[in-house]
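**Q** Input file: protein_12.txt. Contents: compact mmCIF, C-alpha atoms.
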# COMPACT_ATOMS: atom_id res chain seq x y z
CA MET A 227 62.85 3.70 -12.49
CA SER A 228 66.42 4.75 -11.65
CA ASP A 229 67.29 7.41 -9.07
CA GLU A 230 68.11 9.82 -11.87
CA GLN A 231 64.59 9.43 -13.30
CA ILE A 232 62.72 10.09 -10.07
CA PRO A 233 60.96 13.44 -10.53
CA ASN A 234 61.48 16.25 -8.05
CA THR A 235 58.32 16.41 -5.96
CA ILE A 236 59.02 19.94 -4.65
CA THR A 237 59.29 22.55 -7.40
CA ARG A 238 58.17 25.77 -5.71
CA ALA A 239 59.93 28.05 -3.24
CA PHE A 240 59.40 31.25 -1.28
CA VAL A 241 62.39 33.57 -0.84
CA LEU A 242 62.22 35.96 2.11
CA ALA A 243 63.66 39.21 0.76
CA ALA A 244 61.54 41.99 2.31
CA GLY A 245 63.44 42.66 5.54
CA LEU A 246 65.08 45.95 6.48
CA GLY A 247 68.56 44.49 7.02
CA LYS A 248 69.21 46.72 10.05
CA ARG A 249 72.32 44.82 11.21
CA MET A 250 73.90 45.37 7.79
CA ARG A 251 73.71 49.18 7.98
CA PRO A 252 75.07 51.49 6.68
CA VAL A 253 75.27 49.26 3.59
CA THR A 254 71.51 48.68 3.61
CA ALA A 255 70.61 52.35 3.95
CA THR A 256 70.65 52.54 0.15
CA LEU A 257 70.70 48.86 -0.88
CA PRO A 258 68.40 45.99 0.13
CA LYS A 259 70.33 43.31 2.00
CA PRO A 260 69.48 40.63 -0.62
CA LEU A 261 71.37 42.73 -3.20
CA VAL A 262 74.55 42.93 -1.12
CA GLU A 263 77.28 41.15 -3.08
CA VAL A 264 79.41 38.34 -1.71
CA ALA A 265 82.03 36.74 -3.95
CA GLY A 266 80.86 38.76 -6.94
CA LYS A 267 77.19 37.85 -6.73
CA ALA A 268 74.18 39.29 -4.90
CA LEU A 269 73.06 37.21 -1.91
CA ILE A 270 69.65 36.62 -3.44
CA ASP A 271 71.27 35.31 -6.64
CA HIS A 272 73.25 32.81 -4.59
CA ALA A 273 69.93 31.61 -3.13
CA LEU A 274 68.04 31.58 -6.43
CA ASP A 275 70.87 29.78 -8.23
CA ARG A 276 70.86 27.11 -5.51
CA ALA A 277 67.08 26.85 -5.96
CA ALA A 278 67.49 26.31 -9.69
CA GLU A 279 70.15 23.65 -9.13
CA GLY A 280 67.73 21.89 -6.77
CA GLY A 281 64.96 21.69 -9.37
CA ILE A 282 62.88 24.64 -8.17
CA GLU A 283 60.85 25.91 -11.11
CA THR A 284 58.99 28.84 -9.49
CA ALA A 285 60.19 31.13 -6.71
CA VAL A 286 57.97 33.69 -5.00
CA VAL A 287 60.06 36.61 -3.73
CA ASN A 288 58.58 39.16 -1.32
CA VAL A 289 59.69 42.80 -1.51
CA HIS A 290 59.30 45.77 0.85
CA TRP A 291 62.46 47.76 1.63
CA LEU A 292 63.72 49.55 -1.52
CA ALA A 293 61.34 47.35 -3.47
CA ASP A 294 61.97 49.07 -6.81
CA LEU A 295 65.64 48.08 -6.68
CA MET A 296 64.68 44.49 -5.89
CA GLU A 297 62.18 44.35 -8.74
CA GLY A 298 64.67 45.78 -11.24
CA HIS A 299 67.34 43.28 -10.23
CA LEU A 300 65.02 40.28 -10.37
CA ALA A 301 63.64 41.36 -13.76
CA ARG A 302 67.13 40.99 -15.23
CA ARG A 303 67.45 37.35 -14.20
CA THR A 304 67.00 34.73 -16.90
CA GLY A 305 66.28 31.01 -16.73
CA LEU A 306 64.89 29.13 -13.76
CA PRO A 307 63.43 29.62 -11.33
CA ARG A 308 60.60 31.72 -12.71
CA ILE A 309 60.21 34.71 -10.38
CA VAL A 310 56.85 35.76 -8.96
CA LEU A 311 56.83 38.94 -6.86
CA SER A 312 54.85 39.29 -3.63
CA ASP A 313 54.48 43.01 -2.92
CA GLU A 314 54.67 44.01 0.75
CA ARG A 315 55.25 47.72 0.19
CA ASP A 316 52.16 48.62 2.25
CA ALA A 317 53.08 46.54 5.28
CA LEU A 318 56.00 44.31 6.24
CA LEU A 319 54.49 40.97 7.20
CA GLU A 320 57.49 39.27 8.83
CA THR A 321 58.52 35.76 7.83
CA GLY A 322 55.29 33.89 8.55
CA GLY A 323 52.89 36.56 7.38
CA GLY A 324 54.87 37.05 4.19
CA VAL A 325 54.66 33.37 3.28
CA LYS A 326 50.96 33.21 4.22
CA LYS A 327 50.16 36.08 1.85
CA ALA A 328 51.50 34.02 -1.07
CA LEU A 329 50.12 30.59 -0.13
CA ASP A 330 47.91 30.37 -3.21
CA ARG A 331 51.08 30.19 -5.31
CA PHE A 332 51.97 26.76 -3.94
CA ALA A 333 48.93 24.78 -5.12
CA GLY A 334 48.52 23.07 -1.75
CA GLU A 335 51.88 21.30 -2.07
CA PRO A 336 54.94 21.42 0.24
CA PHE A 337 57.43 24.11 -0.69
CA VAL A 338 60.89 25.39 0.19
CA VAL A 339 61.45 28.60 2.14
CA PHE A 340 64.79 30.39 1.74
CA ASN A 341 66.19 33.27 3.71
CA SER A 342 67.56 35.50 0.97
CA ASP A 343 70.90 35.64 2.77
CA SER A 344 71.26 31.85 3.18
CA PHE A 345 74.85 31.29 2.13
CA TRP A 346 77.08 28.26 2.44
CA LEU A 347 79.87 26.33 0.79
CA GLU A 348 78.59 23.03 -0.59
CA GLY A 349 79.90 19.61 0.34
CA PRO A 350 80.08 16.72 -2.14
CA ARG A 351 76.31 16.86 -2.85
CA PRO A 352 74.11 19.98 -3.12
CA ASN A 353 72.31 20.53 0.17
CA LEU A 354 68.96 21.51 -1.34
CA ASN A 355 68.85 18.20 -3.22
CA ARG A 356 69.64 16.37 0.02
CA LEU A 357 66.91 18.30 1.85
CA ILE A 358 64.27 17.49 -0.76
CA GLU A 359 65.28 13.82 -0.81
CA ALA A 360 65.06 13.68 2.99
CA TRP A 361 61.55 15.17 3.07
CA ASP A 362 59.03 12.69 4.53
CA PRO A 363 55.55 14.18 5.00
CA GLU A 364 54.45 11.09 6.91
CA THR A 365 56.72 11.88 9.86
CA THR A 366 57.53 15.55 9.34
CA ASP A 367 55.64 18.85 9.17
CA ILE A 368 58.74 21.04 8.78
CA LEU A 369 62.25 20.01 7.73
CA LEU A 370 65.06 22.47 8.44
CA LEU A 371 68.56 22.62 7.05
CA VAL A 372 70.72 23.06 10.16
CA ALA A 373 74.42 23.87 10.45
CA PRO A 374 76.87 22.95 13.22
CA THR A 375 77.58 26.07 15.25
CA ALA A 376 81.19 25.01 15.82
CA THR A 377 82.13 25.15 12.13
CA SER A 378 79.92 28.03 10.95
CA LEU A 379 81.87 31.11 9.92
CA GLY A 380 80.90 34.42 11.51
CA TYR A 381 78.46 32.96 14.05
CA ASP A 382 79.12 33.36 17.78
CA GLY A 383 75.68 32.74 19.28
CA ALA A 384 74.38 29.96 21.51
CA GLY A 385 72.77 27.92 18.71
CA ASP A 386 69.11 27.06 18.12
CA PHE A 387 68.55 23.31 18.32
CA PHE A 388 69.49 19.95 19.70
CA MET A 389 69.00 17.12 17.17
CA GLU A 390 68.15 13.49 17.86
CA SER A 391 69.62 10.61 15.84
CA ASP A 392 66.41 10.42 13.78
CA GLY A 393 66.55 14.14 12.97
CA ARG A 394 63.98 15.38 15.49
CA LEU A 395 64.77 18.90 16.66
CA HIS A 396 64.27 20.50 20.06
CA TRP A 397 64.86 24.13 21.00
CA ARG A 398 67.71 24.87 23.37
CA GLY A 399 66.80 26.07 26.84
CA GLU A 400 67.33 29.67 27.89
CA ARG A 401 70.72 29.04 29.48
CA GLU A 402 71.85 26.17 27.26
CA VAL A 403 74.23 26.13 24.31
CA ALA A 404 72.98 24.06 21.36
CA PRO A 405 75.13 22.47 18.63
CA PHE A 406 72.98 23.42 15.64
CA ILE A 407 71.71 26.65 14.11
CA TYR A 408 68.96 27.06 11.52
CA ALA A 409 70.72 27.62 8.19
CA GLY A 410 67.83 29.51 6.58
CA VAL A 411 66.30 26.83 4.33
CA ALA A 412 63.23 24.77 5.17
CA ILE A 413 60.47 22.65 3.66
CA LEU A 414 56.96 23.33 4.96
CA LYS A 415 53.43 22.08 4.44
CA PRO A 416 50.97 24.81 3.42
CA GLU A 417 48.27 23.48 5.76
CA LEU A 418 50.39 24.60 8.72
CA PHE A 419 49.25 28.16 8.05
CA ALA A 420 45.54 27.37 8.52
CA ASP A 421 45.39 28.51 12.15
CA THR A 422 47.79 31.44 12.12
CA PRO A 423 47.36 35.18 12.76
CA GLU A 424 46.32 37.63 10.10
CA GLY A 425 49.05 40.16 9.37
CA PRO A 426 52.65 39.95 10.63
CA PHE A 427 53.95 36.89 12.47
CA SER A 428 57.12 34.83 12.55
CA LEU A 429 57.72 31.36 11.13
CA THR A 430 59.02 30.56 14.61
CA LEU A 431 55.37 30.09 15.57
CA LEU A 432 55.15 27.15 13.17
CA PHE A 433 58.50 25.77 14.33
CA ASP A 434 57.23 25.85 17.93
CA ARG A 435 54.05 24.01 17.03
CA ALA A 436 55.97 21.36 15.08
CA VAL A 437 58.34 20.81 18.04
CA LYS A 438 55.37 20.25 20.36
CA ARG A 439 53.95 17.66 17.92
CA ASP A 440 57.39 16.02 17.63
CA ARG A 441 57.30 16.74 13.89
CA LEU A 442 60.10 19.27 13.43
CA ARG A 443 63.14 17.61 11.89
CA GLY A 444 66.53 18.72 10.70
CA LEU A 445 69.13 17.75 8.14
CA ARG A 446 72.74 18.58 8.90
CA LEU A 447 74.32 20.83 6.28
CA ASP A 448 77.13 19.15 4.38
CA GLY A 449 79.73 21.88 3.87
CA GLN A 450 80.15 25.16 5.77
CA TRP A 451 77.53 27.77 6.62
CA LEU A 452 78.68 31.38 6.31
CA HIS A 453 76.81 33.89 8.46
CA VAL A 454 76.66 37.17 6.52
CA GLY A 455 74.91 39.34 9.07
CA THR A 456 77.08 42.46 9.26
CA PRO A 457 79.23 44.53 6.88
CA GLU A 458 82.35 43.06 8.50
CA ALA A 459 81.11 39.54 7.81
CA ILE A 460 81.14 40.13 4.05
CA GLU A 461 84.94 40.30 3.91
CA ALA A 462 85.32 37.17 6.05
CA ALA A 463 82.85 35.24 3.86
CA GLU A 464 84.61 36.31 0.67
CA ALA A 465 87.98 35.25 2.08
CA ARG A 466 86.55 31.83 2.93
CA VAL A 467 85.12 31.46 -0.58
CA ARG A 468 88.52 32.31 -2.09
CA GLU A 469 90.22 29.83 0.21
CA SER A 470 87.74 27.12 -0.77
CA ALA A 471 88.36 27.81 -4.47
CA ARG A 472 92.11 27.38 -4.00
CA ILE A 473 91.62 24.06 -2.19
CA VAL A 474 89.39 22.75 -4.98
For the file at hand, write its structure as structure tokens.
**A**
Amino acid sequence: MSDEQIPNTITRAFVLAAGLGKRMRPVTATLPKPLVEVAGKALIDHALDRAAEGGIETAVVNVHWLADLMEGHLARRTGLPRIVLSDERDALLETGGGVKKALDRFAGEPFVVFNSDSFWLEGPRPNLNRLIEAWDPETTDILLLVAPTATSLGYDGAGDFFMESDGRLHWRGEREVAPFIYAGVAILKPELFADTPEGPFSLTLLFDRAVKRDRLRGLRLDGQWLHVGTPEAIEAAEARVRESARIV
């Protein structure tokens, strides 16, 4: 069987789209952050289109803030991935609790988690395809797409992780500066949620546990990660997209 004939073993995804988007206000006072447009397309459509290109057939999308607007937008999408809504109108469950609520949608198989505002310029090969190809459940419980802090547009923090040559990730210390930041896309095993709180909790809990087991790994993003966290960052991201288009 040739490489082109090898079937994609990960075909489901969860897209985190229920957050309040407080840092993006006042834009998000009347518009959910996933519907904020960058380069002529809503952030969530950038994520869902990348999912489709990576062979994702079904995407669960959670909704909470201005949920009716989210539902209307997603209903107008056509083609893959097929959208399944996870309604969190009654209570915002945070990243971990939101995924846990929808676990039955993943049939016990590993799945991709996207932040709805994950946004980057691709390198020669699509990064989601690279992430899925790099997934090894024998050595890894969680695989993160990570971006170099030095080349990420709009990010001025201290980073998240140090990465070993074999991809193992370790959190930075409190007063350290780390070279990699989580780029908002991960592959997880559903069994990791077995011993987790009911109600709201963060996926960071699972990242912590995987680090302690030496089973959190990363794949360096090929391209450039664009941090779209504030209204001001939208203009900078759009300028970078235009620049990239001219170079191509």
**Q** Which residue, A:Asp316, A:Glu461, A:Glu402, A:Asp386, has the smallest gap to Glu263 in chain A when you use only C-alpha atoms?
**A** A:Glu461
**Q** Excluding Ala373 in chain A and any residue of its chain fewer than 3 positions from it, enumerate the residues within 7 Å of it, using only C-alpha atoms, and give them as a PyMOL selection string.
**A** chain A and resi 378+406-409+446-447+451
**Q** Just want the 9 Å neighbourhood of range 309-312 of chain A, counted on only C-alpha atoms, with same-chain residues fewer than 2 positions away dropped. Output as number ranges by chain.
**A** A: 283-289, 297, 300-301, 303, 306-307, 314, 324, 327-328, 331
**Q** Hey, what's within 12 Å of Ala273 in chain A if we count all atoms listed in the file and toss same-chain stuff fewer than 3 positions away? As an MDAnalysis selection string, please?
**A** chainID A and resid 239:243 260:261 264 267:270 276:280 282 285 287 307 338:347 353:354 410:411
**Q** Taking all atoms listed in the file into account, which of A:Met296, A:Leu369, A:Ile236, A:Leu414 comes nearest Leu257 in chain A?
**A**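 The closest residue to Leu257 in chain A is A:Met296.
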**Q** So, with all atoms listed in the file as the atoms that count, which of A:Gly380, A:Gly385, A:Gly399, A:Gly349 lies closest to Thr456 in chain A?
**A**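 The closest residue to Thr456 in chain A is A:Gly380.
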**Q** If you count all atoms listed in the file, which residues fall within 12 Å of Phe388 in chain A, apart from same-chain ones fewer than 3 positions away, as a PyMOL selection string?
**A** chain A and resi 372-375+384-385+391-399+402-408+437+442-446
**Q** For each of A:Leu418, A:Leu371, A:Leu318, A:Ile413, take the minimum atom-to-atom distance to Arg435 in chain A, counting all atoms listed in the file, then give the residue where this is smallest.
**A**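 Among the listed residues, A:Leu418 lies closest to Arg435 in chain A.
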**Q** Contacts of Glu348 in chain A at 7 Å or less, counting only C-alpha atoms, minus same-chain residues fewer than 4 places along, as a ChimeraX atom specification?
**A** /A:352-353,448-450
**Q** Those residues you just picked out, can you put them in a file as a PDB file, in the frame of the given file with C-alpha atoms?
**A**
ATOM      1  CA  PRO A 352      74.110  19.980  -3.120  1.00  0.00           C
ATOM      2  CA  ASN A 353      72.310  20.530   0.170  1.00  0.00           C
ATOM      3  CA  ASP A 448      77.130  19.150   4.380  1.00  0.00           C
ATOM      4  CA  GLY A 449      79.730  21.880   3.870  1.00  0.00           C
ATOM      5  CA  GLN A 450      80.150  25.160   5.770  1.00  0.00           C
TER       6      GLN A 450
END
**Q** Rounded to one decimal, what separation in Å do you get between CA of Glu458 in chain A and CA of Ser470 in chain A?
**A**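 Taking CA of Glu458 in chain A and CA of Ser470 in chain A, their separation equals 19.2 Å.
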